[in-house]
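Let me begin by presenting the structure, written as structure tokens, before commenting on it.
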Amino acid sequence: MENLTYEEAVKIGVREGIKYIKEQEYYKTTKRYDRRLRNTRLLLKHYRDLKVHDRLADSSSDKIYEENAIDILDDVEAIDDDEQYVQAISRTKKRTAVIIGHMNKVLKYYESICKNEGPQNERRYRIIKYLYIDPVEDNKNLIYEQAAEYFNLNVKTVGRDVRLAIEDLSILFFGIDGLKL
């Protein structure tokens, strides 16, 4: 290798440094986008459970639970401050209610978008609704094979529709952070 001048070495170093920074920015953006897709999948996967939690929080037994929460907490040794624990439960209930409300609005909006964009998009919504939203009698999460049979589709088509729907829903759930830039 020929001898490099100081200026040439600096230029190469700067060029490599810029390349490294761009790679790191791309990695962070990709990682953030992947996290949003993962979170969208998790929200959909646990939608039914969150709805149950939200309904339980609104029930009349909720007041009884709050009044007896300190007594219940006597059995929990790991928690030092009972009042703080009750406040944390209350915050969790409120957060769940906000998340469910947001999800319901987004899903309703997504349904109307899909209905206006043609049969393939409408099918995507119906598959998401079937897999994640509609109540299930046996209380188990449905799998793609069941959806494929129900809609008379190929399993790969169901998987593709779910992936595309989750990409769309990620943007609606998380706004600009749901976009892959």
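In the structure tokens, the first chain shown is A, the next is B, and so on; residue numbers restart at 1 for each chain, and ligands run from 1 in the order shown.
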DSSP-assigned helix (DSSP H, G or I) members of segment 106-171 of chain A, reported as an MDAnalysis selection string = chainID A and resid 106:116 119:133 144:151 155:171
Residues within 8 Å of segment 144-159 of chain A, only C-alpha atoms, excluding chain neighbours under 3 positions, as a list in words = Ile127, Tyr130, Leu131, Val162 and Arg163 of chain A
Residues at most 12 Å from Leu107 of chain A, counting only C-alpha atoms, excluding those fewer than 6 positions away in the same chain, as a PDB file with N, CA and C atoms, in the first residue's frame?
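Resulting contents of out_21.pdb:
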```pdb
ATOM      1  N   THR A  40     -47.620  -3.072  17.574  1.00  0.00           N
ATOM      2  CA  THR A  40     -48.937  -3.169  16.939  1.00  0.00           C
ATOM      3  C   THR A  40     -49.426  -4.609  17.000  1.00  0.00           C
ATOM      4  N   LEU A  43     -50.491  -5.284  20.579  1.00  0.00           N
ATOM      5  CA  LEU A  43     -51.778  -4.656  20.894  1.00  0.00           C
ATOM      6  C   LEU A  43     -52.924  -5.471  20.311  1.00  0.00           C
ATOM      7  N   LEU A  44     -52.769  -5.894  19.067  1.00  0.00           N
ATOM      8  CA  LEU A  44     -53.822  -6.697  18.447  1.00  0.00           C
ATOM      9  C   LEU A  44     -53.957  -8.059  19.133  1.00  0.00           C
ATOM     10  N   TYR A  47     -55.729  -7.576  22.403  1.00  0.00           N
ATOM     11  CA  TYR A  47     -56.905  -6.701  22.364  1.00  0.00           C
ATOM     12  C   TYR A  47     -58.047  -7.266  23.205  1.00  0.00           C
ATOM     13  N   ILE A  99     -55.877   3.332  26.021  1.00  0.00           N
ATOM     14  CA  ILE A  99     -55.375   2.521  24.913  1.00  0.00           C
ATOM     15  C   ILE A  99     -56.527   1.849  24.175  1.00  0.00           C
ATOM     16  N   ILE A 100     -57.456   1.264  24.904  1.00  0.00           N
ATOM     17  CA  ILE A 100     -58.605   0.604  24.266  1.00  0.00           C
ATOM     18  C   ILE A 100     -59.430   1.622  23.489  1.00  0.00           C
ATOM     19  N   GLY A 101     -59.651   2.804  24.056  1.00  0.00           N
ATOM     20  CA  GLY A 101     -60.391   3.846  23.341  1.00  0.00           C
ATOM     21  C   GLY A 101     -59.704   4.239  22.048  1.00  0.00           C
ATOM     22  N   ILE A 113     -61.676   3.017   5.919  1.00  0.00           N
ATOM     23  CA  ILE A 113     -60.679   3.161   4.853  1.00  0.00           C
ATOM     24  C   ILE A 113     -60.684   1.912   3.971  1.00  0.00           C
ATOM     25  N   CYS A 114     -60.642   0.758   4.595  1.00  0.00           N
ATOM     26  CA  CYS A 114     -60.581  -0.498   3.845  1.00  0.00           C
ATOM     27  C   CYS A 114     -61.816  -0.718   2.984  1.00  0.00           C
ATOM     28  N   ARG A 124     -58.592  -7.556   4.227  1.00  0.00           N
ATOM     29  CA  ARG A 124     -57.553  -7.390   5.258  1.00  0.00           C
ATOM     30  C   ARG A 124     -58.181  -7.016   6.590  1.00  0.00           C
ATOM     31  N   TYR A 125     -59.099  -6.046   6.532  1.00  0.00           N
ATOM     32  CA  TYR A 125     -59.753  -5.639   7.771  1.00  0.00           C
ATOM     33  C   TYR A 125     -60.531  -6.805   8.379  1.00  0.00           C
ATOM     34  N   ARG A 126     -61.280  -7.524   7.549  1.00  0.00           N
ATOM     35  CA  ARG A 126     -62.084  -8.635   8.056  1.00  0.00           C
ATOM     36  C   ARG A 126     -61.198  -9.720   8.681  1.00  0.00           C
ATOM     37  N   ILE A 128     -58.190  -9.227  10.112  1.00  0.00           N
ATOM     38  CA  ILE A 128     -57.730  -8.675  11.398  1.00  0.00           C
ATOM     39  C   ILE A 128     -58.846  -8.769  12.435  1.00  0.00           C
ATOM     40  N   LYS A 129     -60.033  -8.408  12.023  1.00  0.00           N
ATOM     41  CA  LYS A 129     -61.181  -8.454  12.931  1.00  0.00           C
ATOM     42  C   LYS A 129     -61.430  -9.891  13.397  1.00  0.00           C
ATOM     43  N   TYR A 132     -58.276 -11.039  15.683  1.00  0.00           N
ATOM     44  CA  TYR A 132     -57.894 -10.306  16.898  1.00  0.00           C
ATOM     45  C   TYR A 132     -59.028  -9.581  17.630  1.00  0.00           C
ATOM     46  N   ILE A 133     -60.085  -9.231  16.937  1.00  0.00           N
ATOM     47  CA  ILE A 133     -61.087  -8.344  17.538  1.00  0.00           C
ATOM     48  C   ILE A 133     -62.337  -9.099  17.996  1.00  0.00           C
ATOM     49  N   ALA A 165     -51.808  -5.232   6.860  1.00  0.00           N
ATOM     50  CA  ALA A 165     -52.739  -4.540   7.759  1.00  0.00           C
ATOM     51  C   ALA A 165     -52.006  -4.006   8.976  1.00  0.00           C
ATOM     52  N   ILE A 166     -51.077  -4.779   9.510  1.00  0.00           N
ATOM     53  CA  ILE A 166     -50.315  -4.337  10.688  1.00  0.00           C
ATOM     54  C   ILE A 166     -49.446  -3.138  10.334  1.00  0.00           C
ATOM     55  N   ASP A 168     -50.207  -0.860   8.111  1.00  0.00           N
ATOM     56  CA  ASP A 168     -51.157   0.260   8.057  1.00  0.00           C
ATOM     57  C   ASP A 168     -51.585   0.682   9.459  1.00  0.00           C
ATOM     58  N   LEU A 169     -51.931  -0.289  10.282  1.00  0.00           N
ATOM     59  CA  LEU A 169     -52.391   0.020  11.637  1.00  0.00           C
ATOM     60  C   LEU A 169     -51.289   0.631  12.488  1.00  0.00           C
ATOM     61  N   SER A 170     -50.062   0.242  12.255  1.00  0.00           N
ATOM     62  CA  SER A 170     -48.941   0.811  12.999  1.00  0.00           C
ATOM     63  C   SER A 170     -48.876   2.320  12.796  1.00  0.00           C
ATOM     64  N   ILE A 171     -49.081   2.753  11.570  1.00  0.00           N
ATOM     65  CA  ILE A 171     -49.081   4.188  11.277  1.00  0.00           C
ATOM     66  C   ILE A 171     -50.252   4.871  11.979  1.00  0.00           C
ATOM     67  N   LEU A 172     -51.409   4.225  11.952  1.00  0.00           N
ATOM     68  CA  LEU A 172     -52.585   4.817  12.595  1.00  0.00           C
ATOM     69  C   LEU A 172     -52.455   4.811  14.113  1.00  0.00           C
ATOM     70  N   PHE A 173     -51.886   3.766  14.685  1.00  0.00           N
ATOM     71  CA  PHE A 173     -51.709   3.707  16.141  1.00  0.00           C
ATOM     72  C   PHE A 173     -50.655   4.692  16.636  1.00  0.00           C
TER      73      PHE A 173
END
```
Between atom CA of Asn104 of chain A and atom CA of Arg48 of chain A, what is the spacing in Å?
->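 We find that atom CA of Arg48 of chain A and atom CA of Asn104 of chain A lie 11.6 Å from each other.
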Atom CA of Arg55 of chain A to atom CA of Arg95 of chain A: how many Å, to one decimal?
->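 Those two atoms sit 13.2 Å apart.
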For atom CA of Arg38 of chain A and atom CA of Ile21 of chain A, quote the distance in Å rounded to one decimal.
-> 25.4 Å
